[in-house]
Amino acid sequence: MIHYKTPISYLLAICMAISCQAQTEPGKPNIILIMSDDMGYSDLGCYGGEIETPTLDGLAEQGVRFTQFYNGARCCPTRASLISGLYPHQTGIGHMTNPSENFDVHDYDVPGYRGELSQQTNTLAEVLKTAGYRTLMTGKWHLGMEHREQWPLQRGFDRFYGILDGASNYFQPVYPRGITLDNDPVDVQDSTYYTTDAFTDYAIRFINEGQDANERSPFFLYLAYTAPHWPLQAPKSVIDKYRERYHQGWEAIRGERYEKMIELGLVDPSWRLSPVDGLDWDTLSSEKRADLALRRAIYAAQVDQMDRNIGRLVDYLKKNGLFENTLIVFINDNGACAEGGMLGGGKSEQLETKAGYFLTYGQSWANASNTPYREYKHWVHEGGISSPLIAHWPAGISASLRGTLINEYGFLPDIMATFADISGASYPSARKGKPVPSMVGESFLPLLKGSNAPIHDQPIFWEHEGNKAVRLGNYKAVMKWEENKPEKWELYDLSKDRTELKDLSGKEPDRLASFVAGWEEWARTHQVRPWKEMLARLRANQRGTNE
């Protein structure tokens, strides 16, 4: 203990202490970007769901929630847009990345559709490195894997643990959909292994490496869970929590969620609940209802277990004095997944085992996950492209804003712009001597600081598998592509009808024509090609694989 002889020396010491404290106040925030996979807009408790997600609910209560944040409608285009700050077609992933089983199937030999992240892009990791960040990633990459230069460490990350492909078995990830640590394959032998847990373990380990080395630089962590993407697999103890929860069926769940979303302020009561887009639960046999209730229980357990793991990460940050000046952004990659048909896909006897891969809960349950919106992953109506987004940052978000909803809309490229804004990072205009497209997003930092002004005064666009959309202000034009059918654009005023039930195309043809013309110009200048042409190339590649 230091003893001070005079009051003056005591005051000087206090002043020196205050000065030192001011000099060591945290500067640039740590940034954690967490992404879930194939989760519906309303699955989290804080977005209206019945699944227990206390960690994310708590981050929302002490942070902010966006009600209108948009994704890219599918795993790969979303990740390409998120990592680059561009539209997916600008990155070479206008459709899908090439899977480990066939490195040519999604290479359509045109710039916007090569099946891998273009080298003429900047990644979040590369950009944040210009501001002195350590860059860490765990989880799902899904941006190209045929050549090592496509992998995370070659695209700006200092550490990586996860899967390079788009999905794996949760308990037994094996080649070619196995685990990679940095640039090396990992043989998983642990009988208690579960990918969601392991991704979190390594996230904490990577952060802690910097702490142990007394690193003073901030870190960026991209934690890309595969939960709750199929296969339906979760620990039995967590499944048991939901085993009896879903026997009333999807229609009842949709009704419960819709009412809660109105209560939470996420849905305007004037927006009618979209029609049920599934089979009548009561017409199914008792055996089929039991099977489907179990599928949904496993799905809920996957979300629950993800939330528990985010809780472990939050606890680590708190214990190590990192929580206050860490920006945590949570987002999902696309709308709920309707793959596997109305009643799901995969063998029922594989449920609650460690076997299986394509195990899904189907369109009828996906319709409940996307309450109250239309359509699903793949499509660009609101159910396909609307994501929950939570931002939590005690040192950066005023206490007066905590727990509030942000109703201004944003989309994936805004994340690059926001992180660059917050960190002071620079976005290089060239890479390897060749130009890189300019960022297309806008920073939403003003919204985190309390602004109520829109951040977008120019239209934003979508295209995936021929499905098209454009939004400007309250209006959105959207088209669902169907093979061998004429294209039909719809027009909606989302401020009055976000569930897209009142098509205004006949009443406002001039506005629709303007939107469609804007979309066509965007497509022409952003490497977007007609889906009919790309589909023909895909089918030719698939035939080549089978011959």
# chains A, B, ... in the order shown; residues from 1 in each chain; ligands from 1

$ select_by_dssp --residues "segment 424-508 of chain A" --states "strand (DSSP E)" --output "number ranges by chain"
A: 430-431, 434-435, 460-464, 467-472, 475-479, 489-493

$ residues_around --residues "His381 of chain A" --least-positions-apart "4" --cutoff "12 Å" --atoms "only C-alpha atoms" --output "ChimeraX atom specification"
/A:70-73,274,334-335,370,372-377,385-386,462-464,467-471,476-481,489-492,494,498-501

$ residues_around --residues "Gln302 of chain A" --least-positions-apart "3" --cutoff "9 Å" --atoms "only C-alpha atoms" --output "short mmCIF file (atom, residue, chain, number, x, y, z; two decimals) with N, CA, C and O atoms, in the first residue's frame"
data_model
loop_
_atom_site.label_atom_id
_atom_site.label_comp_id
_atom_site.auth_asym_id
_atom_site.auth_seq_id
_atom_site.Cartn_x
_atom_site.Cartn_y
_atom_site.Cartn_z
N THR A 196 -21.77 -28.01 -32.69
CA THR A 196 -22.10 -26.73 -32.08
C THR A 196 -21.23 -26.46 -30.85
O THR A 196 -20.74 -25.34 -30.66
N ALA A 227 -26.09 -25.03 -36.89
CA ALA A 227 -27.42 -25.19 -36.29
C ALA A 227 -28.33 -24.05 -36.76
O ALA A 227 -27.89 -22.91 -36.84
N PRO A 228 -29.60 -24.38 -37.02
CA PRO A 228 -30.25 -25.70 -36.97
C PRO A 228 -30.44 -26.34 -38.35
O PRO A 228 -31.43 -26.99 -38.60
N HIS A 229 -29.49 -26.10 -39.26
CA HIS A 229 -29.50 -26.76 -40.58
C HIS A 229 -29.59 -28.28 -40.39
O HIS A 229 -29.07 -28.82 -39.42
N LEU A 232 -31.23 -33.25 -38.64
CA LEU A 232 -31.84 -33.08 -37.33
C LEU A 232 -31.09 -33.95 -36.32
O LEU A 232 -31.30 -35.16 -36.25
N GLN A 233 -30.24 -33.33 -35.53
CA GLN A 233 -29.43 -34.06 -34.55
C GLN A 233 -29.15 -33.14 -33.37
O GLN A 233 -28.72 -32.00 -33.56
N ALA A 234 -29.38 -33.65 -32.17
CA ALA A 234 -29.14 -32.85 -30.96
C ALA A 234 -28.98 -33.79 -29.77
O ALA A 234 -29.39 -34.96 -29.82
N PRO A 235 -28.38 -33.30 -28.68
CA PRO A 235 -28.26 -34.13 -27.48
C PRO A 235 -29.63 -34.54 -26.94
O PRO A 235 -30.56 -33.72 -26.92
N VAL A 238 -31.50 -32.41 -24.32
CA VAL A 238 -32.12 -31.17 -24.79
C VAL A 238 -33.39 -31.49 -25.58
O VAL A 238 -34.40 -30.79 -25.45
N ILE A 239 -33.35 -32.55 -26.37
CA ILE A 239 -34.56 -32.97 -27.08
C ILE A 239 -35.69 -33.24 -26.10
O ILE A 239 -36.86 -32.88 -26.35
N ALA A 297 -39.11 -31.25 -32.35
CA ALA A 297 -38.45 -31.21 -31.05
C ALA A 297 -36.94 -31.22 -31.21
O ALA A 297 -36.21 -30.50 -30.50
N ILE A 298 -36.43 -32.02 -32.15
CA ILE A 298 -34.99 -32.07 -32.38
C ILE A 298 -34.51 -30.73 -32.94
O ILE A 298 -33.47 -30.20 -32.52
N TYR A 299 -35.27 -30.18 -33.87
CA TYR A 299 -34.93 -28.86 -34.42
C TYR A 299 -34.86 -27.81 -33.30
O TYR A 299 -33.91 -27.03 -33.22
N GLN A 305 -29.52 -25.61 -28.01
CA GLN A 305 -28.12 -25.91 -27.73
C GLN A 305 -27.20 -24.81 -28.28
O GLN A 305 -26.17 -24.50 -27.67
N MET A 306 -27.56 -24.25 -29.41
CA MET A 306 -26.78 -23.11 -29.93
C MET A 306 -26.82 -21.95 -28.95
O MET A 306 -25.79 -21.33 -28.65
N ASP A 307 -27.99 -21.64 -28.42
CA ASP A 307 -28.12 -20.55 -27.46
C ASP A 307 -27.30 -20.82 -26.20
O ASP A 307 -26.66 -19.92 -25.65
#

$ closest_residue --among "A:Ser217, A:Thr200, A:Ala167, A:Leu273" --to "Arg308 of chain A" --atoms "only C-alpha atoms"
A:Thr200

$ residues_around --residues "Arg511 of chain A" --least-positions-apart "5" --cutoff "10 Å" --atoms "only C-alpha atoms" --output "ChimeraX atom specification"
/A:475,477,491,504-505,516-517

$ write_last_selection --atoms "all heavy atoms" --output "PDB file, in the first residue's frame"
ATOM      1  N   TYR A 475     -41.738   0.236 -50.441  1.00  0.00           N
ATOM      2  CA  TYR A 475     -42.244  -0.623 -51.509  1.00  0.00           C
ATOM      3  C   TYR A 475     -41.246  -1.706 -51.900  1.00  0.00           C
ATOM      4  O   TYR A 475     -40.034  -1.490 -51.905  1.00  0.00           O
ATOM      5  CB  TYR A 475     -42.596   0.221 -52.739  1.00  0.00           C
ATOM      6  CG  TYR A 475     -43.890   0.977 -52.580  1.00  0.00           C
ATOM      7  CD1 TYR A 475     -43.921   2.220 -51.959  1.00  0.00           C
ATOM      8  CD2 TYR A 475     -45.091   0.435 -53.031  1.00  0.00           C
ATOM      9  CE1 TYR A 475     -45.111   2.918 -51.791  1.00  0.00           C
ATOM     10  CE2 TYR A 475     -46.286   1.127 -52.876  1.00  0.00           C
ATOM     11  CZ  TYR A 475     -46.292   2.354 -52.254  1.00  0.00           C
ATOM     12  OH  TYR A 475     -47.474   3.033 -52.086  1.00  0.00           O
ATOM     13  N   ALA A 477     -40.948  -4.826 -54.967  1.00  0.00           N
ATOM     14  CA  ALA A 477     -41.414  -5.635 -56.093  1.00  0.00           C
ATOM     15  C   ALA A 477     -40.734  -6.990 -55.998  1.00  0.00           C
ATOM     16  O   ALA A 477     -39.536  -7.077 -55.693  1.00  0.00           O
ATOM     17  CB  ALA A 477     -41.077  -4.957 -57.416  1.00  0.00           C
ATOM     18  N   LEU A 491     -46.203  -6.351 -56.418  1.00  0.00           N
ATOM     19  CA  LEU A 491     -45.781  -5.101 -55.772  1.00  0.00           C
ATOM     20  C   LEU A 491     -46.498  -4.968 -54.436  1.00  0.00           C
ATOM     21  O   LEU A 491     -47.726  -5.150 -54.363  1.00  0.00           O
ATOM     22  CB  LEU A 491     -46.115  -3.910 -56.662  1.00  0.00           C
ATOM     23  CG  LEU A 491     -45.742  -2.527 -56.116  1.00  0.00           C
ATOM     24  CD1 LEU A 491     -44.220  -2.357 -56.061  1.00  0.00           C
ATOM     25  CD2 LEU A 491     -46.367  -1.424 -56.975  1.00  0.00           C
ATOM     26  N   LEU A 504     -50.221  -4.888 -55.317  1.00  0.00           N
ATOM     27  CA  LEU A 504     -50.585  -3.580 -55.855  1.00  0.00           C
ATOM     28  C   LEU A 504     -50.158  -3.408 -57.310  1.00  0.00           C
ATOM     29  O   LEU A 504     -50.246  -2.296 -57.846  1.00  0.00           O
ATOM     30  CB  LEU A 504     -49.947  -2.474 -55.010  1.00  0.00           C
ATOM     31  CG  LEU A 504     -50.279  -2.467 -53.519  1.00  0.00           C
ATOM     32  CD1 LEU A 504     -49.487  -1.371 -52.805  1.00  0.00           C
ATOM     33  CD2 LEU A 504     -51.771  -2.269 -53.300  1.00  0.00           C
ATOM     34  N   SER A 505     -49.685  -4.481 -57.945  1.00  0.00           N
ATOM     35  CA  SER A 505     -49.151  -4.341 -59.299  1.00  0.00           C
ATOM     36  C   SER A 505     -50.191  -3.812 -60.279  1.00  0.00           C
ATOM     37  O   SER A 505     -49.856  -3.055 -61.205  1.00  0.00           O
ATOM     38  CB  SER A 505     -48.599  -5.670 -59.788  1.00  0.00           C
ATOM     39  OG  SER A 505     -49.598  -6.680 -59.784  1.00  0.00           O
ATOM     40  N   VAL A 516     -39.049  -2.605 -61.861  1.00  0.00           N
ATOM     41  CA  VAL A 516     -38.558  -3.683 -62.719  1.00  0.00           C
ATOM     42  C   VAL A 516     -37.420  -3.184 -63.605  1.00  0.00           C
ATOM     43  O   VAL A 516     -36.415  -3.875 -63.796  1.00  0.00           O
ATOM     44  CB  VAL A 516     -39.710  -4.259 -63.566  1.00  0.00           C
ATOM     45  CG1 VAL A 516     -39.181  -5.254 -64.600  1.00  0.00           C
ATOM     46  CG2 VAL A 516     -40.746  -4.929 -62.675  1.00  0.00           C
ATOM     47  N   ALA A 517     -37.551  -1.973 -64.117  1.00  0.00           N
ATOM     48  CA  ALA A 517     -36.483  -1.399 -64.933  1.00  0.00           C
ATOM     49  C   ALA A 517     -35.207  -1.241 -64.108  1.00  0.00           C
ATOM     50  O   ALA A 517     -34.093  -1.496 -64.595  1.00  0.00           O
ATOM     51  CB  ALA A 517     -36.921  -0.054 -65.504  1.00  0.00           C
TER      52      ALA A 517
END

$ residues_around --residues "Gln189 of chain A" --least-positions-apart "5" --cutoff "12 Å" --atoms "only C-alpha atoms" --output "short mmCIF file (atom, residue, chain, number, x, y, z; two decimals) with C-alpha atoms, in the first residue's frame"
data_model
loop_
_atom_site.label_atom_id
_atom_site.label_comp_id
_atom_site.auth_asym_id
_atom_site.auth_seq_id
_atom_site.Cartn_x
_atom_site.Cartn_y
_atom_site.Cartn_z
CA PHE A 171 -21.90 -36.04 -34.07
CA GLN A 172 -19.60 -37.65 -36.62
CA PRO A 173 -18.31 -35.18 -39.22
CA VAL A 174 -16.18 -37.20 -41.61
CA GLY A 178 -15.17 -33.30 -42.02
CA ILE A 179 -13.39 -30.84 -39.73
CA TYR A 194 -21.12 -32.26 -31.20
#
